[in-house]
Structures are given as C-alpha cells and as structure tokens.
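K.L.:
Supplied in structure tokens, the structure appears directly below.
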Amino acid sequence: MTEAQQPDTEIARLIDEEITRWRAVYDAPEANAIDLLLRTHPRDAVAFRTVDADWNAVDLTFGDLDELSQRSARVLADLGVTEGSRVGVMMARSADYIGILLGIWRLGAVHIPLFTALAAQAIGMRVNAGRATLVVADASQRHKLDPSEDLPADGRSWSILRVDPIDDDTTAAAHPEWADDAVFGPLVEAAEPLTESASIGGDGVLALLYTSGTTGAPKGVPLPMKALVSFRSYMVNGLDLQPDDVFWNAADPGWAYGLYFGVLGPLVVGHTNLLPHDKFTAEQAWNVLSRFGVTNFCGAPTMFRAMRNDPQSDLPVRLRRASSAGEPLTPEVLEWSRDVLGAEPHDHYGQTEHGMLIGVPWREGISLPAQAGSMGVTLPGWHCEILDQDADRPAKAGEVGRLAFAPSESPVWWFPGYDDAPQKTAERYTDDGRWYLTGDLAWQSDDGQLHFVSRDDDLILAAGYRISPLDVESVLAMHPAVREVAVVGKPDELRGEVVAAYIVLAQSFTGDETLIHELQQEVKTRYAAHAYPRVIEFVDELPRTASAKVQRYVLKERA
C-alpha cells in the first residue's frame with residue numbers, strides 16, 4: 001500500500017488474510033486447474049454467456065464446461081498432447097474455444113495464445129519458439145497456417161486441428177490439402193470423456209504468452225498456476241466485482257488482459273463473463289452494454305475512444321464500475337464516460353509478465369477517485385518503488401525514476417523468467433537482485449499516487465531537458481483536429497533530440513502549416529515551451545501491435 005491508499009486497519013487485515021488464503025490454494029503442490037477453475041463452483045452456475053452477431057446469448061455453466069473439457073481433452077490426447085505439451089490456439093471467442101483451453105489444462109498441457117489478427121510471420125514465431133506440437137485454428141483462420149515465405153513447411157514440428165468443417169465448396173476445392181486436417185467438431189461429439197485431470201502444482205505452467213512487441217521482438221512469458229492468486233486479487237480489489245454485477249471484459253483473450261481477466265479471472269472467482277464472438281466494434285460495445293445491462297466493464301482505452309466517437313443515444317448504458325488498461329486515458333474521455341456511461345474509467349497498469357500491478361482500485365475501503373494523469377497506487381500484494389535513474393536507490397517525490405518491484409516483498413509475485421532466455425530475464429533485475437525493473441519511467445506525487453512517464457527508452461532528451469512523450473500527447477490529443485497522436489524523439493545534431501509528433505487527423509481537417517503552428521503553440525502554452533514538437537507529420541494511421549498498442553520504435557526508426 002502507498003500513502004495515498006491508507007486503508008483502515010480492518011480492510012488491510014482482511015486483504016492480507018485473503019491473499020494468504022489464496023496462496024495456500026493456488027500455489028499448493030497438488031494444485032489442479034480443473035478442480036480450481038470449475039469444480040469449486042456450483043455446476044449449474046453460469047461461467048460464460050456467448051453472444052452472436054444478432055445479440056443472441058447461450059449460457060455455459062460450470063457443469064457444461066467440465067463435460068466439454070473432458071471430451072476436448074480426449075480429442076487432444078488422441079492427437080498426441082500430453083502433460084507439458086504446448087498447443088497454439090487461434091480461435092474466436094466461443095464455447096469451443098473455452099472447451100479447448102480447459103481440455104489443454106485438464107491434460108496439464110500449455111496454451112500458446114495466437115491472436116486472430118496475427119499474420120503468418122508472427123504466428124510462426126510463436127509456435128516455433130514455443131515448440132508447439134499442435135495448432136488449433138478456426139476454419140476462417142486456417143489459411144494462415146499454409147506453407148509460405150513467412151511460415152515455411154521445412155522444419156515444421158506441429159500438426160493442425162481445425163475447429164469446424166469447411167462448408168464452402170470453393171474453399172475446399174482451393175485447398176485440397178486441408179482435407180487431411182483433424183476436425184474438432186466431429187471428433188469431440190464422438191469422444192469418450194477423459195475424466196482424469198493433471199495436478200501440476202503452483203509452479204506448473206498454464207500458458208506461454210508472448211509480449212506485444214511495442215519495443216522490439218516479443219518475449220515468451222510462462223504463466224504458472226500460482227498467478228491465479230494475483231488474478232483473483234485484481235478481480236476483487238482492482239475491479240470490485242460483486243455477485244450481482246453483470247461483467248464484461250471486452251479485451252481479446254489472445255492477449256494478456258483478455259486471457260488473465262476475461263477467462264481465468266472470472267473462472268477463478270466463479271463469475272459470469274460475456275463472450276461476444278465477433279471482434280470488438282463500437283456498435284458491438286453499445287449493444288452488449290445496453291442489451292445485457294452490463295454494470296462492470298473493462299477494456300482497452302481504444303474501446304472507450306471508439307464508443308465516444310460513435311455515440312448511440314438510443315442504447316442507454318449505466319455502469320457501476322469502468323476500468324481501462326493499456327495506456328492512460330485523456331481527461332475528456334474520463335469526463336465523457338462519467339456523463340454518458342455512468343462511471344469514469346479507473347486506469348490500471350500492468351504487464352504480460354505480471355498481470356496488473358498498479359491502478360486506481362474500485363474496492364470499497366481502498367477505492368480512489370479517478371485522476372487524469374495518475375496510474376493510481378500499488379495494488380494489494382505488490383511492493384513497488386521509483387528508483388533513481390542513475391543508482392539503485394529510491395528517487396525523491398516528484399522526480400522521474402525507474403519503476404521497479406520487489407519480488408521477495410510481493411506476496412502475489414509469480415513471474416518465473418522469460419522462456420529459454422535467462423540473459424533477458426537477468427537484465428530485468430538490479431545487481432543485488434532485489435528489484436525487478438519494468439522498463440518504464442514514472443514519478444510519485446506527495447500524496448503517494450504514481451504517474452506514468454514513458455518506456456525507459458522512449459523518454460526524449462532534448463537540449464538537457466527530459467520530456468515525456470505522454471505529456472506532449474495529452475495536450476495535442478485535446479485539439480479537435482487530432483484523432484490520434486504519438487510522440488517520439490528525433491535525433492538532432494544540435495539538441496541531441498527534438499520532439500516529433502505523428503498525427504492522424506480528424507475528419508474535415510487539413511494538415512497545413514497553419515495547423516502545425518497552432519498545435520505547436522498549444523504545447524508551448526499548455527505544457528512547456530521547451531517541449532513543443534519541432535517536427536509534426538500527418539499520417540494516415542499509427543503503427544500498432546495486433547493488440548492496438550502504438551509501436552513507438554517503428555516511429556523512432558522513421559524519425
């Protein structure tokens with residue numbers, strides 16, 4: 001806890017007791033995913049509610065999932081999957097998707113998430129680096145697995161399980177080789193249930209995720225069973241999920257936030273999550289939130305912005321809780337959400353390697369009001385510090401430093417190190433091993449709240465000044481001409497670096513010298529004269545990862 005939080009003694013004691021109790025369960029040598037995710041809840045309770053394109057819903061109870069996981073596990077076992085095997089999964093959200101995951105975990109195997117927007121090269125990197133023995137794919141994704149320059153057939157060590165049959169004669173004729181695929185649908189219907197389930201213990205691995213690649217090549221992050229302690233704590237303390245809430249985490253489970261808190265988190269606490277089959281759109285969001293009466297919603301900042309840019313006044317929404325993760329939201333989006341959706345999104349900060357670490361918690365007793373520009377405070381179970389940029393000692397209040405966490409002092413810590421990359425893991429720690437360095441810069445205000453500045457290598461050093469890209473972006477984003485903006489440092493012979501802004505214009509605006517001057521003046525007058533963008537370039541779109549995070553390193557290379 002930080003000074004800003006200061007919970008009363010009773011809530012602090014209760015939280016500590018909860019975490020201690022959860023550790024005894026999820027970090028036990030006999031920990032079993034099927035027992036913990038399914039069989040600790042009533043069989044007739046609804047685990048997931050799938051939603052189709054016409055807003056029709058189908059409920060999946062914990063009992064349904066137990067039975068489906070038994071048949072799915074049999075199909076996977078017959079294809080050679082055993083305890084410790086690694087299985088890539090490239091599927092849209094559906095009952096079969098959840099069944100496949102639970103079948104993998106029933107066998108004690110490892111799930112490798114493959115986001116459906118990934119291209120062949122990114123898919124190949126993950127399944128090959130992850131040493132997958134099987135890749136499960138929807139029929140609509142199957143073509144990405146065909147041999148190509150980005151995904152050569154030579155050296156391929158994995159087989160394919162196609163989820164659904166091909167019902168298009170043209171597709172079948174164009175890909176006769178697909179006829180050799182194992183097909184999940186017919187196989188699972190005929191499968192003899194496999195009732196046994198593996199007990200892999202707290203250190204046993206459930207999934208192998210790859211970082212999003214915002215700063216370079218993705219790294220493999222093993223997800224152990226004991227991470228469920230941290231996930232449960234976030235669902236309770238960060239999101240304040242209550243029994244009568246209608247919950248929707250809209251993040252795609254092909255990435256950490258969606259898998260951790262849209263699949264595993266709800267299963268851990270036994271709470272229903274909505275699973276729309278189609279990819280996120282503003283139209284989908286308005287309909288799901290309104291038609292199903294969602295009261296507790298969380299997703300990426302781009303989702304809130306998309307809804308704000310495409311209002312639907314005939315679909316009223318009244319949220320009790322709203323949460324956002326991925327990047328800070330601007331003040332106007334916070335205000336809009338409060339007025340239109342009923343709740344200001346609380347910003348939450350995390351990483352693939354850890355889940356959620358910092359945030360503005362919602363739980364009564366530790367809750368804080370949303371504050372533009374604030375990351376919030378260290379969430380329960382974590383111990384963080386802002387370290388001086390030049391030495392491994394705490395920075396002074398208000399000084400920008402390296403955001404670090406102490407594993408030995410964080411009872412919900414779970415990161416075991418990058419997969420097959422001990423050197424990359426070692427680079428994350430200080431010389432004495434006490435602190436894990438997130439790679440991000442931040443500062444702490446006098447009231448204890450933390451404020452994100454940038455990635456360590458994103459900070460702009462211009463003529464001796466340290467400039468945060470986020471601060472400049474926040475000012476530019478408030479101008480009506482700016483739909484999206486990203487700021488990076490551009491090498492400069494005189495100043496070392498200058499501020500360069502890449503801007504996607506809103507409709508009806510033209511990028512000319514007049515607008516450039518106007519935007520530069522905005523930064524000078526509303527932030528700082530030394531931090532204005534000397535270079536402004538108007539672009540059609542910003543380079544983003546498949547999870548919609550801006551790839552600043554691409555812009556740096558361009559600059």
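By order of appearance in the structure tokens: chains A, B, ..., then residues from 1 within every chain, and ligands from 1 in the order shown.
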Please run DSSP on the backbone and report, as a ChimeraX atom specification, all residues within segment 70-254 of chain A that come out as strand (DSSP E).
P.N.:
/A:86-90,110-113,134-137,159-162,182-183,205-210,220-224,247-249
K.L.:
Name all residues at most 8 Å from Ala343 of chain A (count only C-alpha atoms; drop same-chain ones fewer than 4 positions away) and give them as a VMD selection string.
P.N.:
chain A and resid 318 to 322 337 to 339
K.L.:
Could the residues in this selection be saved with N, CA and C atoms as a CSV table (one decimal), in the first residue's frame?
P.N.:
chain,number,residue,atom,x,y,z
A,318,ARG,N,-25.6,2.3,-18.1
A,318,ARG,CA,-25.3,2.8,-16.8
A,318,ARG,C,-24.4,1.9,-16.0
A,319,LEU,N,-23.1,2.2,-16.1
A,319,LEU,CA,-22.1,1.3,-15.4
A,319,LEU,C,-22.0,1.7,-13.9
A,320,ARG,N,-21.7,0.7,-13.1
A,320,ARG,CA,-21.3,0.9,-11.7
A,320,ARG,C,-19.8,1.1,-11.6
A,321,ARG,N,-19.1,0.3,-12.4
A,321,ARG,CA,-17.7,0.3,-12.5
A,321,ARG,C,-17.2,0.3,-13.9
A,322,ALA,N,-16.1,1.1,-14.2
A,322,ALA,CA,-15.5,1.0,-15.5
A,322,ALA,C,-14.0,1.0,-15.3
A,337,SER,N,-17.1,9.5,-20.3
A,337,SER,CA,-17.5,8.2,-19.7
A,337,SER,C,-18.4,8.4,-18.5
A,338,ARG,N,-18.0,9.3,-17.6
A,338,ARG,CA,-18.8,9.6,-16.4
A,338,ARG,C,-20.2,10.1,-16.8
A,339,ASP,N,-20.3,11.0,-17.8
A,339,ASP,CA,-21.6,11.6,-18.1
A,339,ASP,C,-22.4,10.6,-18.9
K.L.:
What's the 10 Å shell around Val25 of chain A, counting only C-alpha atoms, without same-chain residues fewer than 6 positions away, as a PyMOL selection string?
P.N.:
chain A and resi 19+31-32+36+201-202+226+228-229
K.L.:
Generate the output file for the selected residues, C-alpha atoms, as a compact mmCIF listing (two decimals), in the first residue's frame.
P.N.:
# COMPACT_ATOMS: atom_id res chain seq x y z
CA ILE A 19 -4.06 -13.26 -0.21
CA ALA A 31 -2.97 -27.55 -7.42
CA ASN A 32 -5.20 -28.79 -10.24
CA LEU A 36 -9.77 -24.85 -9.06
CA GLY A 201 1.08 -27.54 -8.78
CA GLY A 202 1.64 -23.84 -8.29
CA LYS A 226 0.16 -19.58 -8.79
CA LEU A 228 -4.18 -17.12 -10.08
CA VAL A 229 -3.52 -15.55 -6.67
K.L.:
Choose the residue, out of A:Ala117, A:Ile358, A:Val46, A:Val377, that has the smallest atom-to-atom separation from His271 of chain A; count only C-alpha atoms.
P.N.:
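The answer is A:Val46, which sits nearest to His271 of chain A.
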K.L.:
Mind checking which residues fall within 6 Å of Trp248 of chain A, counting only C-alpha atoms, ignoring those fewer than 6 positions away in the same chain, and posting them as a ChimeraX atom specification?
P.N.:
/A:273-274,297
K.L.:
Do you have the atom CA of Glu30 of chain A-atom CA of Asp419 of chain A distance handy?
P.N.:
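Straight-line distance from atom CA of Glu30 of chain A to atom CA of Asp419 of chain A works out to 23.5 Å.
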K.L.:
Would you please work out which residue, of A:Pro411, A:Pro224, A:Pro345, A:Gly376, is nearest to Gly359 of chain A when using only C-alpha atoms?
P.N.:
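Of the candidates, the smallest distance to Gly359 of chain A is held by A:Gly376.
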K.L.:
Just list the residues in segment 269-511 of chain A DSSP gives alpha helix (DSSP H) on the backbone, as a PyMOL selection string.
P.N.:
chain A and resi 269+282-291+301-309+331-340+422-426+469-476
K.L.:
Let's have the selection written as a short mmCIF file (atom, residue, chain, number, x, y, z; two decimals), in the first residue's frame, with N, CA and C atoms.
P.N.:
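selection_8.cif, freshly written:
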data_model
loop_
_atom_site.label_atom_id
_atom_site.label_comp_id
_atom_site.auth_asym_id
_atom_site.auth_seq_id
_atom_site.Cartn_x
_atom_site.Cartn_y
_atom_site.Cartn_z
N VAL A 269 -12.96 -16.67 -9.74
CA VAL A 269 -13.91 -16.15 -8.76
C VAL A 269 -15.31 -16.69 -8.97
N ALA A 282 -17.43 -0.41 -31.99
CA ALA A 282 -18.24 0.49 -31.16
C ALA A 282 -19.69 0.05 -31.15
N GLU A 283 -20.21 -0.37 -32.30
CA GLU A 283 -21.59 -0.84 -32.36
C GLU A 283 -21.81 -2.04 -31.44
N GLN A 284 -20.87 -2.97 -31.48
CA GLN A 284 -20.97 -4.13 -30.61
C GLN A 284 -21.00 -3.71 -29.15
N ALA A 285 -20.10 -2.80 -28.78
CA ALA A 285 -19.99 -2.37 -27.39
C ALA A 285 -21.29 -1.76 -26.90
N TRP A 286 -21.84 -0.84 -27.67
CA TRP A 286 -23.09 -0.20 -27.26
C TRP A 286 -24.20 -1.24 -27.06
N ASN A 287 -24.31 -2.17 -27.99
CA ASN A 287 -25.37 -3.17 -27.91
C ASN A 287 -25.17 -4.12 -26.74
N VAL A 288 -23.96 -4.61 -26.54
CA VAL A 288 -23.72 -5.55 -25.45
C VAL A 288 -23.93 -4.86 -24.10
N LEU A 289 -23.37 -3.67 -23.94
CA LEU A 289 -23.51 -2.95 -22.67
C LEU A 289 -24.96 -2.66 -22.35
N SER A 290 -25.72 -2.26 -23.36
CA SER A 290 -27.11 -1.87 -23.14
C SER A 290 -28.05 -3.07 -23.03
N ARG A 291 -27.97 -3.98 -23.99
CA ARG A 291 -28.91 -5.11 -24.04
C ARG A 291 -28.76 -6.05 -22.85
N PRO A 301 -8.17 1.36 -23.72
CA PRO A 301 -8.55 2.76 -23.96
C PRO A 301 -9.14 2.99 -25.35
N THR A 302 -8.65 2.24 -26.36
CA THR A 302 -9.19 2.41 -27.71
C THR A 302 -10.68 2.09 -27.76
N MET A 303 -11.15 1.23 -26.89
CA MET A 303 -12.57 0.88 -26.86
C MET A 303 -13.41 2.05 -26.37
N PHE A 304 -12.96 2.71 -25.32
CA PHE A 304 -13.68 3.88 -24.82
C PHE A 304 -13.67 4.99 -25.87
N ARG A 305 -12.52 5.17 -26.52
CA ARG A 305 -12.45 6.22 -27.54
C ARG A 305 -13.35 5.91 -28.73
N ALA A 306 -13.41 4.63 -29.11
CA ALA A 306 -14.26 4.24 -30.23
C ALA A 306 -15.73 4.51 -29.92
N MET A 307 -16.16 4.23 -28.71
CA MET A 307 -17.54 4.48 -28.33
C MET A 307 -17.83 5.98 -28.29
N ARG A 308 -16.87 6.74 -27.81
CA ARG A 308 -17.07 8.20 -27.76
C ARG A 308 -17.19 8.78 -29.16
N ASN A 309 -16.46 8.21 -30.12
CA ASN A 309 -16.50 8.72 -31.49
C ASN A 309 -17.71 8.22 -32.27
N PRO A 331 -8.33 13.42 -20.18
CA PRO A 331 -9.40 13.96 -19.32
C PRO A 331 -10.76 14.01 -20.00
N GLU A 332 -10.80 14.33 -21.30
CA GLU A 332 -12.10 14.44 -21.95
C GLU A 332 -12.79 13.09 -22.08
N VAL A 333 -12.02 12.00 -22.23
CA VAL A 333 -12.64 10.68 -22.29
C VAL A 333 -13.16 10.28 -20.91
N LEU A 334 -12.42 10.61 -19.85
CA LEU A 334 -12.89 10.34 -18.50
C LEU A 334 -14.21 11.06 -18.23
N GLU A 335 -14.26 12.32 -18.61
CA GLU A 335 -15.46 13.12 -18.38
C GLU A 335 -16.64 12.58 -19.19
N TRP A 336 -16.37 12.25 -20.46
CA TRP A 336 -17.43 11.68 -21.32
C TRP A 336 -17.98 10.39 -20.73
N SER A 337 -17.10 9.50 -20.29
CA SER A 337 -17.54 8.23 -19.74
C SER A 337 -18.38 8.42 -18.49
N ARG A 338 -17.98 9.35 -17.64
CA ARG A 338 -18.76 9.61 -16.43
C ARG A 338 -20.16 10.09 -16.78
N ASP A 339 -20.27 10.99 -17.76
CA ASP A 339 -21.55 11.58 -18.10
C ASP A 339 -22.44 10.63 -18.90
N VAL A 340 -21.84 9.83 -19.78
CA VAL A 340 -22.62 9.01 -20.70
C VAL A 340 -22.75 7.56 -20.24
N PRO A 422 17.45 -16.75 -20.26
CA PRO A 422 17.93 -16.32 -18.94
C PRO A 422 18.64 -14.97 -18.96
N GLN A 423 19.31 -14.63 -20.07
CA GLN A 423 20.01 -13.35 -20.13
C GLN A 423 19.02 -12.20 -20.14
N LYS A 424 17.94 -12.34 -20.92
CA LYS A 424 16.91 -11.29 -20.96
C LYS A 424 16.24 -11.15 -19.60
N THR A 425 16.07 -12.27 -18.91
CA THR A 425 15.50 -12.21 -17.57
C THR A 425 16.44 -11.48 -16.62
N ALA A 426 17.73 -11.82 -16.65
CA ALA A 426 18.71 -11.21 -15.75
C ALA A 426 18.79 -9.70 -15.95
N PRO A 469 6.92 11.76 -23.67
CA PRO A 469 6.02 11.77 -24.83
C PRO A 469 4.56 11.85 -24.42
N LEU A 470 4.22 11.21 -23.31
CA LEU A 470 2.83 11.18 -22.86
C LEU A 470 2.31 12.58 -22.54
N ASP A 471 3.14 13.40 -21.91
CA ASP A 471 2.70 14.76 -21.57
C ASP A 471 2.39 15.57 -22.82
N VAL A 472 3.23 15.45 -23.84
CA VAL A 472 3.01 16.19 -25.08
C VAL A 472 1.78 15.63 -25.80
N GLU A 473 1.65 14.31 -25.82
CA GLU A 473 0.50 13.69 -26.47
C GLU A 473 -0.81 14.12 -25.82
N SER A 474 -0.81 14.25 -24.50
CA SER A 474 -2.03 14.61 -23.79
C SER A 474 -2.55 15.98 -24.20
N VAL A 475 -1.61 16.91 -24.43
CA VAL A 475 -2.01 18.25 -24.88
C VAL A 475 -2.52 18.20 -26.32
N LEU A 476 -1.76 17.56 -27.19
CA LEU A 476 -2.15 17.51 -28.60
C LEU A 476 -3.48 16.79 -28.80
#
K.L.:
Could you list, as a list of chain:residue names, every residue within 12 Å of Ala95 of chain A, counting only C-alpha atoms and ignoring same-chain residues fewer than 5 positions away?
P.N.:
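My list of contacting residues is A:Ala47, A:Phe48, A:Arg49, A:Thr50, A:Val51, A:Asp52, A:Ala57, A:Val58, A:Asp59, A:Leu60, A:Thr61, A:Phe62, A:Asp64, A:Leu65, A:Asp66, A:Glu67, A:Leu68, A:Ser69, A:Ser72, A:Ile100, A:Leu101, A:Leu102, A:Val163, A:Gly185, A:Val263, A:Leu274, A:Leu275, A:Pro276, A:His277.
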K.L.:
So which residues touch segment 440-454 of chain A within 7 Å, counting only C-alpha atoms, skipping near sequence neighbours fewer than 5 positions away, as a VMD selection string?
P.N.:
chain A and resid 2 to 4 373 to 377 386 397 to 403 459 468 to 470
K.L.:
Put those residues in a file: N, CA and C atoms, as a JSON list (two decimals), in the first residue's frame.
P.N.:
[["chain", "number", "residue", "atom", "x", "y", "z"],
["A", 2, "THR", "N", 0.42, 2.29, -0.67],
["A", 2, "THR", "CA", 1.15, 3.55, -0.65],
["A", 2, "THR", "C", 0.41, 4.54, 0.25],
["A", 3, "GLU", "N", 1.03, 5.69, 0.48],
["A", 3, "GLU", "CA", 0.44, 6.68, 1.36],
["A", 3, "GLU", "C", -0.93, 7.13, 0.87],
["A", 4, "ALA", "N", -1.13, 7.15, -0.46],
["A", 4, "ALA", "CA", -2.39, 7.64, -0.98],
["A", 4, "ALA", "C", -3.54, 6.72, -0.63],
["A", 373, "GLY", "N", -4.12, 11.53, -15.54],
["A", 373, "GLY", "CA", -2.67, 11.52, -15.47],
["A", 373, "GLY", "C", -2.10, 10.63, -14.38],
["A", 374, "SER", "N", -2.96, 10.07, -13.51],
["A", 374, "SER", "CA", -2.47, 9.22, -12.44],
["A", 374, "SER", "C", -2.66, 7.75, -12.79],
["A", 375, "MET", "N", -1.62, 6.94, -12.53],
["A", 375, "MET", "CA", -1.74, 5.49, -12.66],
["A", 375, "MET", "C", -2.47, 4.90, -11.47],
["A", 376, "GLY", "N", -2.53, 5.64, -10.39],
["A", 376, "GLY", "CA", -3.11, 5.13, -9.16],
["A", 376, "GLY", "C", -2.02, 4.79, -8.16],
["A", 377, "VAL", "N", -2.20, 3.67, -7.48],
["A", 377, "VAL", "CA", -1.29, 3.25, -6.42],
["A", 377, "VAL", "C", -0.95, 1.78, -6.63],
["A", 386, "ILE", "N", 9.99, 3.79, -6.91],
["A", 386, "ILE", "CA", 10.56, 4.56, -8.00],
["A", 386, "ILE", "C", 12.04, 4.73, -7.70],
["A", 397, "ALA", "N", 10.34, 12.28, -4.10],
["A", 397, "ALA", "CA", 8.98, 12.55, -4.58],
["A", 397, "ALA", "C", 9.02, 13.60, -5.67],
["A", 398, "GLY", "N", 8.33, 13.34, -6.75],
["A", 398, "GLY", "CA", 8.27, 14.28, -7.86],
["A", 398, "GLY", "C", 9.34, 14.07, -8.91],
["A", 399, "GLU", "N", 10.36, 13.27, -8.60],
["A", 399, "GLU", "CA", 11.44, 13.01, -9.55],
["A", 399, "GLU", "C", 11.11, 11.80, -10.42],
["A", 400, "VAL", "N", 11.37, 11.90, -11.70],
["A", 400, "VAL", "CA", 11.16, 10.78, -12.61],
["A", 400, "VAL", "C", 12.24, 9.73, -12.35],
["A", 401, "GLY", "N", 11.80, 8.49, -12.23],
["A", 401, "GLY", "CA", 12.73, 7.40, -12.00],
["A", 401, "GLY", "C", 12.24, 6.11, -12.61],
["A", 402, "ARG", "N", 12.97, 5.04, -12.34],
["A", 402, "ARG", "CA", 12.65, 3.73, -12.91],
["A", 402, "ARG", "C", 11.63, 3.01, -12.03],
["A", 403, "LEU", "N", 10.54, 2.58, -12.63],
["A", 403, "LEU", "CA", 9.51, 1.87, -11.90],
["A", 403, "LEU", "C", 9.97, 0.43, -11.65],
["A", 459, "LEU", "N", 11.82, 8.05, -23.41],
["A", 459, "LEU", "CA", 11.99, 9.40, -22.88],
["A", 459, "LEU", "C", 12.84, 10.22, -23.85],
["A", 468, "SER", "N", 8.60, 13.87, -21.45],
["A", 468, "SER", "CA", 7.76, 12.68, -21.55],
["A", 468, "SER", "C", 6.88, 12.76, -22.80],
["A", 469, "PRO", "N", 6.92, 11.76, -23.67],
["A", 469, "PRO", "CA", 6.02, 11.77, -24.83],
["A", 469, "PRO", "C", 4.56, 11.85, -24.42],
["A", 470, "LEU", "N", 4.22, 11.21, -23.31],
["A", 470, "LEU", "CA", 2.83, 11.18, -22.86],
["A", 470, "LEU", "C", 2.31, 12.58, -22.54]]
K.L.:
Go ahead and compute the interatomic distance for atom CA of Pro186 of chain A and atom CA of Arg162 of chain A, in Å to one decimal.
P.N.:
10.7 Å
